[in-house]
$ cat query.txt   # compact mmCIF, C-alpha atoms and all ligand atoms
# COMPACT_ATOMS: atom_id res chain seq x y z
CA MET A 243 21.26 16.85 7.86
CA ASN A 244 18.05 17.60 6.01
CA ILE A 245 16.38 14.22 6.44
CA PHE A 246 13.72 14.87 3.79
CA GLU A 247 16.28 15.75 1.10
CA HIS A 248 18.52 12.91 2.24
CA VAL A 249 15.71 10.38 1.86
CA GLN A 250 14.73 11.78 -1.54
CA ALA A 251 18.30 11.70 -2.85
CA THR A 252 19.10 8.23 -1.48
CA VAL A 253 15.89 6.63 -2.68
CA SER A 254 16.13 8.23 -6.15
CA GLY A 255 19.73 7.06 -6.49
CA SER A 256 18.92 3.49 -5.42
CA LYS A 257 18.13 0.48 -7.59
CA ALA A 258 14.60 0.32 -6.14
CA ASP A 259 11.33 1.14 -7.94
CA VAL A 260 10.31 4.52 -6.53
CA SER A 261 6.76 5.82 -6.22
CA VAL A 262 4.84 8.49 -4.28
CA ILE A 263 2.07 7.09 -2.08
CA GLY A 264 0.62 10.46 -1.08
CA LYS A 265 1.32 13.98 0.11
CA SER A 266 1.79 15.41 3.58
CA VAL A 267 -0.28 18.28 5.03
CA CYS A 268 2.30 20.76 3.66
CA GLY A 269 2.37 19.05 0.26
CA ARG A 270 5.59 17.07 0.56
CA ASP A 271 5.84 13.70 -1.22
CA ILE A 272 5.67 10.53 0.86
CA LEU A 273 8.10 8.27 -0.97
CA CYS A 274 8.05 4.51 -1.34
CA ALA A 275 10.80 2.27 -2.69
CA HIS A 276 10.16 -1.32 -3.77
CA CYS A 277 12.91 -3.93 -3.80
CA GLY A 278 12.88 -7.52 -4.98
CA SER A 279 10.21 -9.44 -6.87
CA TYR A 280 6.52 -8.53 -7.00
CA LEU A 281 5.48 -12.12 -6.35
CA PRO A 282 4.22 -12.98 -2.85
CA PRO A 283 5.12 -12.59 -0.09
CA GLN A 284 5.41 -8.81 0.13
CA ILE A 285 6.09 -6.82 3.27
CA ILE A 286 5.81 -3.10 4.05
CA VAL A 287 8.47 -1.41 6.18
CA THR A 288 7.80 2.12 7.47
CA ALA A 289 9.73 4.56 9.61
CA ALA A 290 9.53 8.07 11.01
CA ILE A 291 5.78 8.34 11.53
CA HIS A 292 6.81 10.24 14.67
CA ALA A 293 8.68 13.46 13.88
CA ARG A 294 11.38 13.31 16.53
CA GLU A 295 12.10 9.68 15.54
CA CYS A 296 12.89 10.72 11.96
CA TYR A 297 16.39 9.18 11.90
CA THR A 298 14.81 5.74 12.03
CA ALA A 299 14.56 6.49 8.27
CA LEU A 300 18.31 5.82 8.08
CA VAL A 301 17.71 2.20 9.11
CA VAL A 302 15.29 1.78 6.23
CA LEU A 303 17.60 3.49 3.71
CA GLU A 304 20.26 0.94 4.64
CA GLN A 305 17.75 -1.89 4.14
CA ILE A 306 16.97 -0.56 0.65
CA ASP A 307 20.66 -0.42 -0.18
CA LYS A 308 21.39 -3.93 1.17
CA PHE A 309 18.25 -5.69 -0.04
CA CYS A 310 18.92 -8.96 -1.78
CA GLY A 311 17.31 -12.34 -2.07
CA THR A 312 15.23 -14.53 -4.23
CA ARG A 313 11.80 -14.70 -2.70
CA GLY A 314 9.15 -11.97 -2.50
CA GLY A 315 9.75 -8.27 -2.11
CA ALA A 316 9.50 -5.31 0.20
CA TYR A 317 7.96 -1.85 0.01
CA PHE A 318 9.94 0.69 2.04
CA ILE A 319 8.41 3.98 3.22
CA PRO A 320 11.31 5.63 5.10
CA LEU A 321 9.68 8.95 6.04
CA VAL A 322 5.94 8.77 6.71
CA ASN A 323 5.81 12.21 8.35
CA PRO A 324 8.07 14.55 6.33
CA ASP A 325 6.58 17.82 7.66
CA GLY A 326 7.00 16.74 11.26
CA ALA A 327 10.53 15.52 10.57
CA LEU A 328 11.70 18.86 9.14
CA PHE A 329 9.99 20.71 11.99
CA PHE A 330 11.80 18.53 14.53
CA GLU A 331 15.11 18.76 12.76
CA GLN A 332 15.24 22.39 11.67
CA GLY A 333 12.18 24.16 13.03
CA ILE A 334 10.79 24.55 9.50
CA ALA A 335 7.07 25.39 9.84
CA ARG A 336 6.42 26.19 6.14
CA GLY A 337 3.33 28.30 6.76
CA SER A 338 1.68 25.87 9.18
CA GLU A 339 0.11 27.97 11.94
CA THR A 340 0.03 24.94 14.20
CA LEU A 341 3.76 24.33 13.83
CA GLU A 342 4.56 28.05 14.22
CA SER A 343 2.67 28.17 17.49
CA PHE A 344 4.69 25.21 18.83
CA ILE A 345 8.11 26.36 17.62
CA SER A 346 9.60 26.30 21.13
CA SER A 347 8.92 22.56 21.46
CA HIS A 348 10.02 21.48 17.97
CA ARG A 349 12.86 19.26 19.29
CA TYR A 350 10.30 17.03 21.02
CA TRP A 351 7.61 17.11 18.33
CA LYS A 352 6.01 13.78 17.30
CA ALA A 353 2.90 14.86 15.39
CA ASN A 354 2.26 16.02 11.80
CA ALA A 355 1.75 19.64 10.69
CA ASN A 356 -1.83 19.61 12.02
CA GLY A 357 -0.66 18.60 15.47
CA VAL A 358 -2.13 15.10 15.07
CA ASP A 359 -0.14 12.12 16.33
CA LEU A 360 -0.36 9.95 13.21
CA ASN A 361 0.23 6.77 15.17
CA CYS A 362 -2.99 7.41 17.16
CA ASN A 363 -4.99 8.29 14.03
CA PHE A 364 -5.75 4.83 12.59
CA ASP A 365 -9.06 3.01 12.73
CA ALA A 366 -8.19 0.44 15.42
CA ASN A 367 -9.97 1.12 18.72
CA TRP A 368 -9.36 4.78 17.82
CA GLY A 369 -9.52 7.13 20.80
CA SER A 370 -9.32 4.44 23.48
CA GLY A 371 -5.59 4.70 24.23
CA ALA A 372 -4.51 5.61 27.75
CA GLN A 373 -2.38 8.58 26.59
CA ASN A 374 -4.84 9.83 23.93
CA LYS A 375 -5.55 13.56 23.73
CA ARG A 376 -8.45 15.37 22.11
CA TYR A 377 -6.62 18.62 21.45
CA VAL A 378 -3.72 19.68 19.23
CA ALA A 379 -0.41 18.83 20.93
CA PRO A 380 3.20 17.78 20.21
CA SER A 381 2.07 14.16 20.69
CA ASP A 382 -0.94 11.92 21.42
CA TYR A 383 -3.68 13.99 19.71
CA ILE A 384 -5.89 11.42 17.94
CA GLY A 385 -7.27 13.82 15.28
CA ALA A 386 -10.88 14.63 14.39
CA SER A 387 -11.64 11.11 13.13
CA PRO A 388 -9.79 7.92 12.14
CA GLN A 389 -7.49 8.62 9.18
CA SER A 390 -8.38 12.32 9.22
CA GLU A 391 -4.80 13.07 8.12
CA PRO A 392 -3.38 12.77 4.59
CA GLU A 393 -0.36 10.80 5.82
CA SER A 394 -2.35 8.13 7.70
CA ARG A 395 -4.88 7.96 4.86
CA ALA A 396 -2.12 7.44 2.29
CA LEU A 397 -0.62 4.65 4.39
CA VAL A 398 -3.95 2.86 4.79
CA GLU A 399 -4.84 3.14 1.10
CA PHE A 400 -1.40 1.91 0.08
CA THR A 401 -1.43 -0.98 2.56
CA ARG A 402 -4.89 -2.10 1.41
CA LYS A 403 -3.72 -1.99 -2.20
CA VAL A 404 -0.61 -4.09 -1.52
CA MET A 405 -2.20 -6.41 1.08
CA PRO A 406 1.21 -7.37 2.47
CA ALA A 407 1.95 -10.53 4.43
CA ALA A 408 3.34 -8.43 7.30
CA THR A 409 4.35 -4.89 8.22
CA VAL A 410 7.20 -3.44 10.28
CA SER A 411 7.21 0.08 11.76
CA TYR A 412 10.32 1.71 13.20
CA HIS A 413 10.16 4.00 16.21
CA CYS A 414 12.50 4.96 19.02
CA MET A 415 13.26 4.42 21.82
CA GLY A 416 13.36 1.43 24.17
CA GLY A 417 14.93 -1.57 22.42
CA GLU A 418 11.56 -3.34 22.31
CA LEU A 419 9.23 -5.04 19.87
CA TYR A 420 5.43 -4.83 20.08
CA TRP A 421 3.27 -7.28 18.19
CA GLU A 422 0.02 -7.84 20.08
CA PHE A 423 -3.36 -6.20 19.47
CA PHE A 424 -6.25 -8.46 20.52
CA GLN A 425 -5.36 -11.33 18.13
CA LYS A 426 -7.09 -14.60 18.89
CA ALA A 427 -6.18 -18.27 18.59
CA THR A 428 -4.26 -19.09 15.42
CA ALA A 429 -3.35 -15.50 14.54
CA ARG A 430 -2.04 -14.92 18.05
CA LYS A 431 0.12 -18.00 17.91
CA ARG A 432 1.42 -17.14 14.45
CA ASP A 433 2.29 -13.54 15.37
CA CYS A 434 3.86 -14.49 18.71
CA ARG A 435 6.21 -16.92 16.96
CA LEU A 436 7.27 -14.35 14.37
CA ALA A 437 7.73 -11.67 17.06
CA LYS A 438 10.04 -13.93 19.01
CA LEU A 439 12.19 -14.71 15.96
CA ILE A 440 12.42 -11.06 14.89
CA ALA A 441 13.19 -9.79 18.40
CA ASN A 442 15.99 -12.35 18.81
CA ARG A 443 17.38 -11.51 15.40
CA ILE A 444 17.82 -7.79 16.07
CA ASP A 445 18.47 -8.05 19.81
CA VAL A 446 15.38 -6.27 21.18
CA LYS A 447 12.94 -7.37 23.87
CA LYS A 448 9.61 -8.85 22.76
CA VAL A 449 6.84 -7.19 24.76
CA ASP A 450 3.46 -8.92 25.10
CA GLY A 451 0.11 -7.22 25.56
CA HIS A 452 -1.51 -4.20 23.95
CA LEU A 453 -0.41 -1.91 26.80
CA ASN A 454 -3.44 0.40 26.55
CA SER A 455 -2.29 1.77 23.21
CA ALA A 456 -4.70 2.19 20.31
CA GLY A 457 -5.05 3.71 16.87
CA GLY A 458 -1.53 2.80 15.69
CA TYR A 459 -0.55 1.57 12.23
CA LYS A 460 0.49 -1.79 13.68
CA ASP A 461 -2.86 -1.99 15.49
CA TYR A 462 -4.69 -1.26 12.23
CA CYS A 463 -2.78 -3.97 10.34
CA VAL A 464 -3.49 -6.56 13.03
CA MET A 465 -7.14 -5.65 13.61
CA ARG A 466 -8.41 -4.63 10.17
CA LEU A 467 -6.19 -6.68 7.85
CA GLY A 468 -5.53 -9.72 10.04
CA ILE A 469 -1.81 -9.73 9.28
CA PRO A 470 1.19 -9.83 11.60
CA ALA A 471 2.51 -6.33 12.27
CA PHE A 472 5.44 -5.22 14.37
CA THR A 473 6.44 -1.97 16.05
CA ILE A 474 10.16 -1.89 16.70
CA GLU A 475 11.49 0.66 19.20
CA LEU A 476 15.15 1.22 18.35
CA ILE A 477 17.82 2.63 20.73
CA LYS A 478 17.96 0.93 24.09
CA LYS A 479 19.04 3.86 26.22
CA GLY A 480 19.20 7.62 25.95
CA ASP A 481 17.06 10.69 25.76
CA HIS A 482 15.28 12.57 23.00
CA PRO A 483 16.26 14.37 20.86
CA PHE A 484 18.48 11.80 19.09
CA SER A 485 20.98 12.48 16.31
CA PRO A 486 21.78 10.36 13.21
CA SER A 487 24.91 8.83 14.78
CA ASP A 488 22.83 7.39 17.64
CA PHE A 489 21.39 4.90 15.13
CA ALA A 490 24.66 3.36 13.91
CA GLU A 491 24.27 0.11 15.87
CA ASP A 492 20.62 -0.33 14.90
CA ILE A 493 21.39 0.37 11.24
CA ALA A 494 23.87 -2.54 11.23
CA LYS A 495 21.63 -4.92 13.20
CA ASN A 496 18.55 -4.29 11.04
CA ALA A 497 20.18 -4.17 7.60
CA ASP A 498 19.04 -7.64 6.49
CA LEU A 499 15.84 -7.87 8.56
CA PRO A 500 13.49 -7.61 5.53
CA ARG A 501 15.09 -10.69 3.98
CA PHE A 502 14.93 -12.52 7.30
CA ILE A 503 11.21 -11.75 7.66
CA LEU A 504 10.42 -12.81 4.08
CA ASP A 505 12.16 -16.12 4.83
CA ILE A 506 10.34 -16.85 8.12
CA LEU A 507 6.93 -16.01 6.59
CA ARG A 508 7.04 -19.32 4.73
ZN ZN B 601 7.15 6.50 17.90

$ encode --input "query.txt" --output "structure tokens"
Amino acid sequence: MNIFEHVQATVSGSKADVSVIGKSVCGRDILCAHCGSYLPPQIIVTAAIHARECYTALVVLEQIDKFCGTRGGAYFIPLVNPDGALFFEQGIARGSETLESFISSHRYWKANANGVDLNCNFDANWGSGAQNKRYVAPSDYIGASPQSEPESRALVEFTRKVMPAATVSYHCMGGELYWEFFQKATARKRDCRLAKLIANRIDVKKVDGHLNSAGGYKDYCVMRLGIPAFTIELIKKGDHPFSPSDFAEDIAKNADLPRFILDILR
């Protein structure tokens, strides 16, 4: 599979409103598909910010295909890190010296074409994560500054424009859901309740605490926008690298999750 072409073809052939929210380091489009009404509430669903997790995009493509309902709408961004995805999948470096120098580890690559781990690059306690690195690497490099990368910048600008009621980000693996990032009082109670409902719905384990992570998209949404945000780690057991067929069960379990979330946001 060429996941980038697959996402482009599927999204273009869908009934959704398609837009481009930005470009990757190598100039590839970051696509967004909107389904449903534009009245509130709106949610944003993203996947594949980590290169080797690129088949989480298939879960989102299914959600676009199956989206139905009467209340609110959803913006889907299936492939946040297209350069990283194609490097993981096919070893395509497309002139990126960073990627070329890491060609032997492409099947474990998480970062973008600059070797920045996009999910450590957001302005939310940036650089304070336990695994954070300050040098180019397959994963965990925080970048030169918060949102130094075109992909993370595009996601922040788009999210601020939409101001969604909640966001969901797909990763793998672990079969877990993360929701907490230093919320207090009412927000903590609100987000904990939603996390429990979502985790039960898709049969993953709700994990409490911020677990010494920082600079993630979910962290940014919670801390800077004050909205509930969820990181879902698909695939309960196994080892990287995963193939598309490994996601079959998660694709089925998550197909109507956007509708479910729009309903419980009432
Ligand atoms: Zn991940």

$ closest_atom_pairs --input "query.txt" --of "chain A" --to "ligand ZN 601 (chain B)" --cutoff "10 Å" --atoms "all atoms listed in the file" --output "CSV"
residue,atom,partner,partner_atom,distance
A:Ala289,CA,B:ZN601,ZN,8.9
A:Ala290,CA,B:ZN601,ZN,7.5
A:Ile291,CA,B:ZN601,ZN,6.8
A:His292,CA,B:ZN601,ZN,5.0
A:Ala293,CA,B:ZN601,ZN,8.2
A:Arg294,CA,B:ZN601,ZN,8.1
A:Glu295,CA,B:ZN601,ZN,6.3
A:Cys296,CA,B:ZN601,ZN,9.3
A:Thr298,CA,B:ZN601,ZN,9.7
A:Lys352,CA,B:ZN601,ZN,7.4
A:Ala353,CA,B:ZN601,ZN,9.7
A:Asp359,CA,B:ZN601,ZN,9.3
A:Leu360,CA,B:ZN601,ZN,9.5
A:Asn361,CA,B:ZN601,ZN,7.4
A:Ser381,CA,B:ZN601,ZN,9.6
A:Ser411,CA,B:ZN601,ZN,8.9
A:Tyr412,CA,B:ZN601,ZN,7.4
A:His413,CA,B:ZN601,ZN,4.3
A:Cys414,CA,B:ZN601,ZN,5.7
A:Met415,CA,B:ZN601,ZN,7.6
A:Gly458,CA,B:ZN601,ZN,9.7
A:Thr473,CA,B:ZN601,ZN,8.7
A:Ile474,CA,B:ZN601,ZN,9.0
A:Glu475,CA,B:ZN601,ZN,7.4
A:Leu476,CA,B:ZN601,ZN,9.6

$ closest_residue --input "query.txt" --among "A:Tyr350, A:Tyr317, A:Tyr297, A:Phe246" --to "Ile272 of chain A" --atoms "all atoms listed in the file"
A:Phe246

$ atom_distance --input "query.txt" --atom1 "atom CA of Ala275 of chain A" --atom2 "atom CA of Ile384 of chain A"
28.1 Å

$ closest_residue --input "query.txt" --among "A:Pro406, A:Pro392, A:Gly278, A:Gly416" --to "Phe309 of chain A" --atoms "all atoms listed in the file"
A:Gly278

$ atom_distance --input "query.txt" --atom1 "atom CA of Glu393 of chain A" --atom2 "atom CA of Val267 of chain A"
7.5 Å

$ build_atoms --input "query.txt" --residues "segment 469-483 of chain A" --atoms "N, CA, C and O atoms" --output "compact mmCIF listing (two decimals), in the frame of the given file"
# COMPACT_ATOMS: atom_id res chain seq x y z
N ILE A 469 -3.19 -9.31 9.58
CA ILE A 469 -1.81 -9.73 9.28
C ILE A 469 -0.90 -9.45 10.47
O ILE A 469 -1.21 -8.60 11.31
N PRO A 470 0.23 -10.16 10.56
CA PRO A 470 1.19 -9.83 11.60
C PRO A 470 1.80 -8.45 11.34
O PRO A 470 2.10 -8.12 10.19
N ALA A 471 1.95 -7.68 12.41
CA ALA A 471 2.51 -6.33 12.27
C ALA A 471 3.35 -6.04 13.51
O ALA A 471 2.97 -6.41 14.62
N PHE A 472 4.48 -5.40 13.28
CA PHE A 472 5.44 -5.22 14.37
C PHE A 472 5.88 -3.77 14.50
O PHE A 472 6.21 -3.13 13.50
N THR A 473 5.85 -3.27 15.73
CA THR A 473 6.44 -1.97 16.05
C THR A 473 7.77 -2.23 16.72
O THR A 473 7.82 -2.95 17.73
N ILE A 474 8.83 -1.69 16.14
CA ILE A 474 10.16 -1.89 16.70
C ILE A 474 10.66 -0.56 17.25
O ILE A 474 10.75 0.43 16.51
N GLU A 475 10.96 -0.54 18.54
CA GLU A 475 11.49 0.66 19.20
C GLU A 475 13.01 0.52 19.25
O GLU A 475 13.55 -0.26 20.03
N LEU A 476 13.70 1.28 18.40
CA LEU A 476 15.15 1.22 18.35
C LEU A 476 15.74 2.02 19.52
O LEU A 476 15.04 2.73 20.22
N ILE A 477 17.05 1.91 19.70
CA ILE A 477 17.82 2.63 20.73
C ILE A 477 17.39 2.20 22.13
O ILE A 477 16.29 2.48 22.58
N LYS A 478 18.30 1.48 22.78
CA LYS A 478 17.96 0.93 24.09
C LYS A 478 17.96 1.97 25.20
O LYS A 478 17.13 1.90 26.11
N LYS A 479 18.91 2.89 25.13
CA LYS A 479 19.04 3.86 26.22
C LYS A 479 19.33 5.24 25.67
O LYS A 479 19.98 5.35 24.63
N GLY A 480 18.89 6.25 26.37
CA GLY A 480 19.20 7.62 25.95
C GLY A 480 18.00 8.51 26.11
O GLY A 480 16.97 8.09 26.66
N ASP A 481 18.14 9.72 25.64
CA ASP A 481 17.06 10.69 25.76
C ASP A 481 16.85 11.41 24.44
O ASP A 481 17.81 11.68 23.72
N HIS A 482 15.60 11.71 24.15
CA HIS A 482 15.28 12.57 23.00
C HIS A 482 15.82 13.97 23.29
O HIS A 482 15.84 14.38 24.45
N PRO A 483 16.22 14.73 22.27
CA PRO A 483 16.26 14.37 20.86
C PRO A 483 17.53 13.60 20.47
O PRO A 483 18.60 13.89 20.97
